[in-house]
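Peer 1: Please see the structure below; I have some questions.
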Amino acid sequence: MSTVVIGAGLAGLAAARSLTRAGEDVVVLEAQPFVGGRTRTLRDRLRHGQPADLGASFIDIGQDKLLQYCDELGVALTPQVALFPSDPDGRLTAASPLRTTLVIGGRRLSVCERDRLADEVRTALDTTPPEPTEPVLAWTARAGLTPAARNLFCWQTGYNPVHEASQVPMSMFHPPHVGSVCWMMADGTDALAQALAEGLDIRLEQPVRATRRRRGQLVVETDTDRFSARDVVVATPVTPTLAIGFDPVLPDWKVNALLATPMTQGGKVIGQYADGEVISRALGLSAMSDGPISLIWARPTGPEDTVVVLGLLADRADGVLRDEERCLTVLDDLVAAATGTSPRRLAGVVQDWTQERYAGGVVSMLMGDFPRLPSLLAQSVGPIHFAGEHTAEMWATGMDGALRSGERAAAEVLQRRSTRQPEPLAVG
C-alpha cells in the first residue's frame, strides 16, 4: 500500500478518506475493536436504543468543517441548543455560564443568589480584564472575588475536564468558545465516524508497536502483521503516540512537543430517566455544580418520555469515577437538586477515559504554548505525518480540529507524491 494510517478516530478517518479519494492505496490500523476513537457511542446500555455518547458531544457554531461533513454524509443533528445564556447586556463572557442552574453544596441556588455571583464575576471581568495566559485561580485572586464567587468560577475548569484552576489559562473561558449555540448528533456522535469509515480498508484490533524506515520505505509493525508503505499518518492521541517505537527515533523537537502536551484526565457519566419532559423543563439549559460532576445537560426527550442526562467529571482521585454505581448516584443527586424532582433512573453508564490505554485521557491540554505547540505537533518528520485534535491550529482539542488535521496530513502526503517518483514497495 502507499499509505498506512494509524488510528481510526476522526482524524485518521478523514485522512484515509481524502487519500483514498485521491487514488492512494490506504490501510487504516486501529488498536480498538471499533472506529471513532474518543467519539464512541454505546447503543445497548440505555433503553430503546438511545445513544450514550461516551466522549465528544457537541458541534459548536463556527465549526464549519464538522457541519460540512455531517451534511455531506447525511448525519442528522438535534435541534439547536445552548448550554448557558448570555449576560443581561447580550454579551457572552466568562460570567455567562454562571447564569445557568447552579448547585452548590448539594443545594440549587435561587435566581437572586445565582445572578449576584454572576454579576460579581462580570463586574470583575470589566474592571480587571484578565490576560489570556493568566491562570484562572490567579485572576480570581487578582480581581478580588469573594470566596463564593471565586470557588464557583474556578469550578468551570471541570468542563474540559480539568479541575486544577492554577493550571488553566483565562483564554480557555473568556470569552467562551463553546456552548452558546450548538448541536448534537441525533443518532450519537460516532454516527459520523461510522459514515466516514464506509468503503475504507480498516484493520481493527491492530495496535501499532513500531514504525521503521527501511531501504526507502516504512514498515509498520503490529502484534501480528507487518505493513510496508511510502508514508505513514500517525493519527493517535498524544499518550499512545509516545508508546510507538520509531526507528530511527523521532527528533528531539518532536518528542519534546509530545512530552509537553499532557492530556486531561476524567470521564463522563450518563443516566437515562423516566418523566423526561418534566426533568428537561426543570433542568433548563444545563446545570453546573461544585461537586464531583461539574456540568450536566440533557439530550432531547426520547421514547416513552425518557431523557438522557450527561455529565462531565474530572478525575480528582476521589474514587467517584472508578465506582460506577457511586458515580451514577452522584448524578441522581445532582439531577434531583437541579430540577427539584425525584428522578427515577432507568439505566446508566460511566466512561473513565483515564483508564483507556489507547486514549490516554480526554483531550490534549494545549494551554501554555498555543499556537506554537500544535504547529510542532503537526509538523511531519520526513514520510511520517501527524494528525489529531492536538495538532489542529483551528478548533484544537475538538472534533472539527481533528477532521481538519486529517485533511491537512493527507494533503502533505499528496504533496510528497507530486514532488518525487514513486518507490517500489515490498509487501511485508
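Lettering and numbering for the C-alpha cells are positional, with chains as A, B, ... in the shown order, residues counted from 1 in each chain, and ligands counted from 1 in the shown order.
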What residues in range 192-386 of chain A get the DSSP label helix (DSSP H, G or I)? Please answer as a VMD selection string.
Peer 2: chain A and resid 192 to 197 238 to 242 252 to 259 276 to 283 303 to 305 324 to 339 353 to 355 372 to 378
Peer 1: Near range 322-337 of chain A, within 7 Å and counting only C-alpha atoms, which residues show up once chain neighbours fewer than 5 positions away are dropped, as an MDAnalysis selection string?
Peer 2: chainID A and resid 103 106:108 269 271 342:343 348 350
Peer 1: Go ahead and save the picked residues with N, CA and C atoms, as a compact mmCIF listing (two decimals), in the first residue's frame.
Peer 2:
```
# COMPACT_ATOMS: atom_id res chain seq x y z
N VAL A 103 -25.76 24.41 41.37
CA VAL A 103 -25.95 23.58 42.55
C VAL A 103 -24.67 23.64 43.37
N GLY A 106 -24.78 20.82 47.19
CA GLY A 106 -25.98 19.99 47.07
C GLY A 106 -27.28 20.76 47.03
N ARG A 107 -27.21 22.09 47.02
CA ARG A 107 -28.43 22.92 47.02
C ARG A 107 -28.46 23.80 45.78
N ARG A 108 -29.64 23.85 45.16
CA ARG A 108 -29.82 24.73 44.00
C ARG A 108 -29.94 26.17 44.47
N VAL A 269 -20.44 10.62 32.78
CA VAL A 269 -21.46 9.80 33.40
C VAL A 269 -22.78 10.09 32.69
N GLY A 271 -26.97 9.05 32.54
CA GLY A 271 -28.13 8.41 33.15
C GLY A 271 -29.36 8.60 32.29
N SER A 342 -37.74 14.02 41.95
CA SER A 342 -37.19 12.77 42.47
C SER A 342 -36.96 11.86 41.28
N PRO A 343 -35.82 11.99 40.61
CA PRO A 343 -35.61 11.27 39.35
C PRO A 343 -35.56 9.76 39.53
N GLY A 348 -27.87 3.44 33.14
CA GLY A 348 -26.76 4.38 33.22
C GLY A 348 -25.45 3.74 32.86
N VAL A 350 -20.92 4.75 32.91
CA VAL A 350 -19.82 5.66 33.25
C VAL A 350 -18.63 5.32 32.35
```
Peer 1: Please provide as a ChimeraX atom specification all residues within 8 Å of Ser280 in chain A, with the sequence filter that same-chain residues fewer than 2 positions apart are discarded (counting only C-alpha atoms).
Peer 2: /A:276-278,282-284,298,301,307
Peer 1: Generate the output file for the selected residues, N, CA and C atoms, as a PDB file, in the first residue's frame.
Peer 2:
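The file below, result.pdb, is the result:
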```
ATOM      1  N   GLY A 276     -39.185  12.294  31.360  1.00  0.00           N
ATOM      2  CA  GLY A 276     -38.202  13.105  30.669  1.00  0.00           C
ATOM      3  C   GLY A 276     -38.607  14.546  30.462  1.00  0.00           C
ATOM      4  N   GLU A 277     -39.839  14.798  30.099  1.00  0.00           N
ATOM      5  CA  GLU A 277     -40.279  16.178  29.838  1.00  0.00           C
ATOM      6  C   GLU A 277     -40.199  17.019  31.107  1.00  0.00           C
ATOM      7  N   VAL A 278     -40.579  16.438  32.216  1.00  0.00           N
ATOM      8  CA  VAL A 278     -40.529  17.168  33.492  1.00  0.00           C
ATOM      9  C   VAL A 278     -39.088  17.511  33.844  1.00  0.00           C
ATOM     10  N   ALA A 282     -37.375  21.330  33.929  1.00  0.00           N
ATOM     11  CA  ALA A 282     -36.853  21.818  35.206  1.00  0.00           C
ATOM     12  C   ALA A 282     -35.350  22.069  35.140  1.00  0.00           C
ATOM     13  N   LEU A 283     -34.638  21.272  34.343  1.00  0.00           N
ATOM     14  CA  LEU A 283     -33.187  21.429  34.246  1.00  0.00           C
ATOM     15  C   LEU A 283     -32.807  22.679  33.479  1.00  0.00           C
ATOM     16  N   GLY A 284     -33.565  22.995  32.440  1.00  0.00           N
ATOM     17  CA  GLY A 284     -33.224  24.155  31.620  1.00  0.00           C
ATOM     18  C   GLY A 284     -32.051  23.849  30.711  1.00  0.00           C
ATOM     19  N   ALA A 298     -28.983  17.693  29.032  1.00  0.00           N
ATOM     20  CA  ALA A 298     -29.858  16.614  28.587  1.00  0.00           C
ATOM     21  C   ALA A 298     -29.964  16.580  27.070  1.00  0.00           C
ATOM     22  N   THR A 301     -35.794  14.740  24.602  1.00  0.00           N
ATOM     23  CA  THR A 301     -36.606  13.679  25.189  1.00  0.00           C
ATOM     24  C   THR A 301     -36.827  12.556  24.187  1.00  0.00           C
ATOM     25  N   VAL A 307     -35.455  10.525  29.177  1.00  0.00           N
ATOM     26  CA  VAL A 307     -34.461  11.549  28.849  1.00  0.00           C
ATOM     27  C   VAL A 307     -33.082  11.054  29.279  1.00  0.00           C
TER      28      VAL A 307
END
```
Peer 1: Using CA of Arg45 in chain A and CA of Ala191 in chain A as the two end points, give the distance in Å to one decimal.
Peer 2: 16.7 Å
Peer 1: Neighbours of range 20-37 of chain A within 6 Å (only C-alpha atoms; same-chain residues fewer than 5 positions away dropped), as number ranges by chain?
Peer 2: A: 1-9, 190, 193, 201-207
Peer 1: Please identify all polymer residues within 7 Å of Ala287 in chain A, counting only C-alpha atoms, omitting same-chain residues fewer than 4 positions from it, and present them as a PyMOL selection string.
Peer 2: chain A and resi 100-102+283+295-297+338
Peer 1: What does the distance from CA of Leu313 in chain A to CA of Gly361 in chain A come to in Å, to one decimal?
Peer 2: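 Atom-to-atom, CA of Leu313 in chain A and CA of Gly361 in chain A are spaced 12.3 Å apart.
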Peer 1: Mind dumping a table of every range 67-161 of chain A residue within 12 Å of range 368-381 of chain A, with the nearest atom pair and its distance in Å to one decimal, using only C-alpha atoms, sorted by chain and rising number, as JSON lines?
Peer 2:
```
{"residue": "A:Pro132", "atom": "CA", "partner": "A:Gly368", "partner_atom": "CA", "distance": 9.9}
{"residue": "A:Thr133", "atom": "CA", "partner": "A:Gly368", "partner_atom": "CA", "distance": 7.1}
{"residue": "A:Glu134", "atom": "CA", "partner": "A:Gly368", "partner_atom": "CA", "distance": 9.7}
{"residue": "A:Pro135", "atom": "CA", "partner": "A:Gly368", "partner_atom": "CA", "distance": 9.7}
```
Peer 1: Once you have the residues from the selection above, write them out as a compact mmCIF listing (two decimals), in the first residue's frame, restricted to N, CA and C atoms.
Peer 2:
```txt
# COMPACT_ATOMS: atom_id res chain seq x y z
N PRO A 132 -4.73 36.69 28.64
CA PRO A 132 -5.05 35.36 28.10
C PRO A 132 -4.28 34.23 28.78
N THR A 133 -3.02 34.46 29.14
CA THR A 133 -2.21 33.40 29.73
C THR A 133 -2.31 33.34 31.25
N GLU A 134 -3.07 34.25 31.86
CA GLU A 134 -3.18 34.30 33.31
C GLU A 134 -3.98 33.11 33.82
N PRO A 135 -3.45 32.33 34.75
CA PRO A 135 -4.21 31.20 35.27
C PRO A 135 -5.52 31.65 35.92
```
Peer 1: For the strand (DSSP E) assignment from backbone DSSP, which residues of range 239-330 of chain A qualify? Please present them as number ranges by chain.
Peer 2: A: 245-247, 266-273, 287-289, 295-298, 307-314
Peer 1: Just the number, please: distance in Å from CA of Thr128 in chain A to CA of Asp290 in chain A, one decimal.
Peer 2: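 Separation between CA of Thr128 in chain A and CA of Asp290 in chain A: 24.4 Å.
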Peer 1: I want to know what sits within 7 Å of range 80-93 of chain A, based on only C-alpha atoms, with residues of the same chain fewer than 6 positions away left out; could you give that as number ranges by chain?
Peer 2: A: 99-100, 174-176, 179-183, 285-286
Peer 1: Generate a file of the selected residues that holds C-alpha atoms, formatted as a CSV table (one decimal), in the first residue's frame.
Peer 2:
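As a result, out-v2.csv now contains:
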```
chain,number,residue,atom,x,y,z
A,99,ARG,CA,-26.2,32.2,34.8
A,100,THR,CA,-27.4,28.7,34.3
A,174,HIS,CA,-13.0,34.4,28.3
A,175,PRO,CA,-14.7,34.9,26.0
A,176,PRO,CA,-16.5,31.5,25.9
A,179,GLY,CA,-21.7,26.2,24.4
A,180,SER,CA,-23.5,29.3,23.4
A,181,VAL,CA,-25.0,27.8,20.2
A,182,CYS,CA,-24.5,24.1,19.5
A,183,TRP,CA,-25.9,20.8,18.2
A,285,LEU,CA,-30.1,24.7,29.5
A,286,SER,CA,-27.7,22.9,31.9
```
Peer 1: When you count only C-alpha atoms, which of these residues is closest to Thr39 in chain A: A:Leu200, A:Leu310, A:Ala52, A:Val233?
Peer 2: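 Closest residue, counting only C-alpha atoms: A:Ala52.
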Peer 1: Using only C-alpha atoms, which of A:Gly360, A:Gly199, A:Leu346, A:Thr211 sits nearest Val249 in chain A?
Peer 2: A:Thr211
Peer 1: I want to know what sits within 7 Å of Leu46 in chain A, based on only C-alpha atoms, with residues of the same chain fewer than 4 positions away left out; could you give that as a ChimeraX atom specification?
Peer 2: /A:50,272,347-348
Peer 1: Print the selection's residues with C-alpha atoms to a file, as a PDB file, in the first residue's frame.
Peer 2:
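That gives us selection_38.pdb:
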```
ATOM      1  CA  GLN A  50     -30.959   5.630  22.820  1.00  0.00           C
ATOM      2  CA  GLN A 272     -31.462   7.662  31.495  1.00  0.00           C
ATOM      3  CA  ALA A 347     -30.208   2.853  33.091  1.00  0.00           C
ATOM      4  CA  GLY A 348     -26.764   4.381  33.219  1.00  0.00           C
TER       5      GLY A 348
END
```
Peer 1: Which residue, A:Asp44, A:Glu356, A:Asp223, A:Asp64, has the smallest gap to Asp400 in chain A when you use only C-alpha atoms?
Peer 2: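 Looking at the shortest contact to Asp400 in chain A, the residue is A:Asp64.
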Peer 1: May I ask which of the residues A:Ser289, A:Gln63, A:Ser57, A:Gln415 is the closest one to Gly401 in chain A, counting only C-alpha atoms?
Peer 2: A:Gln63
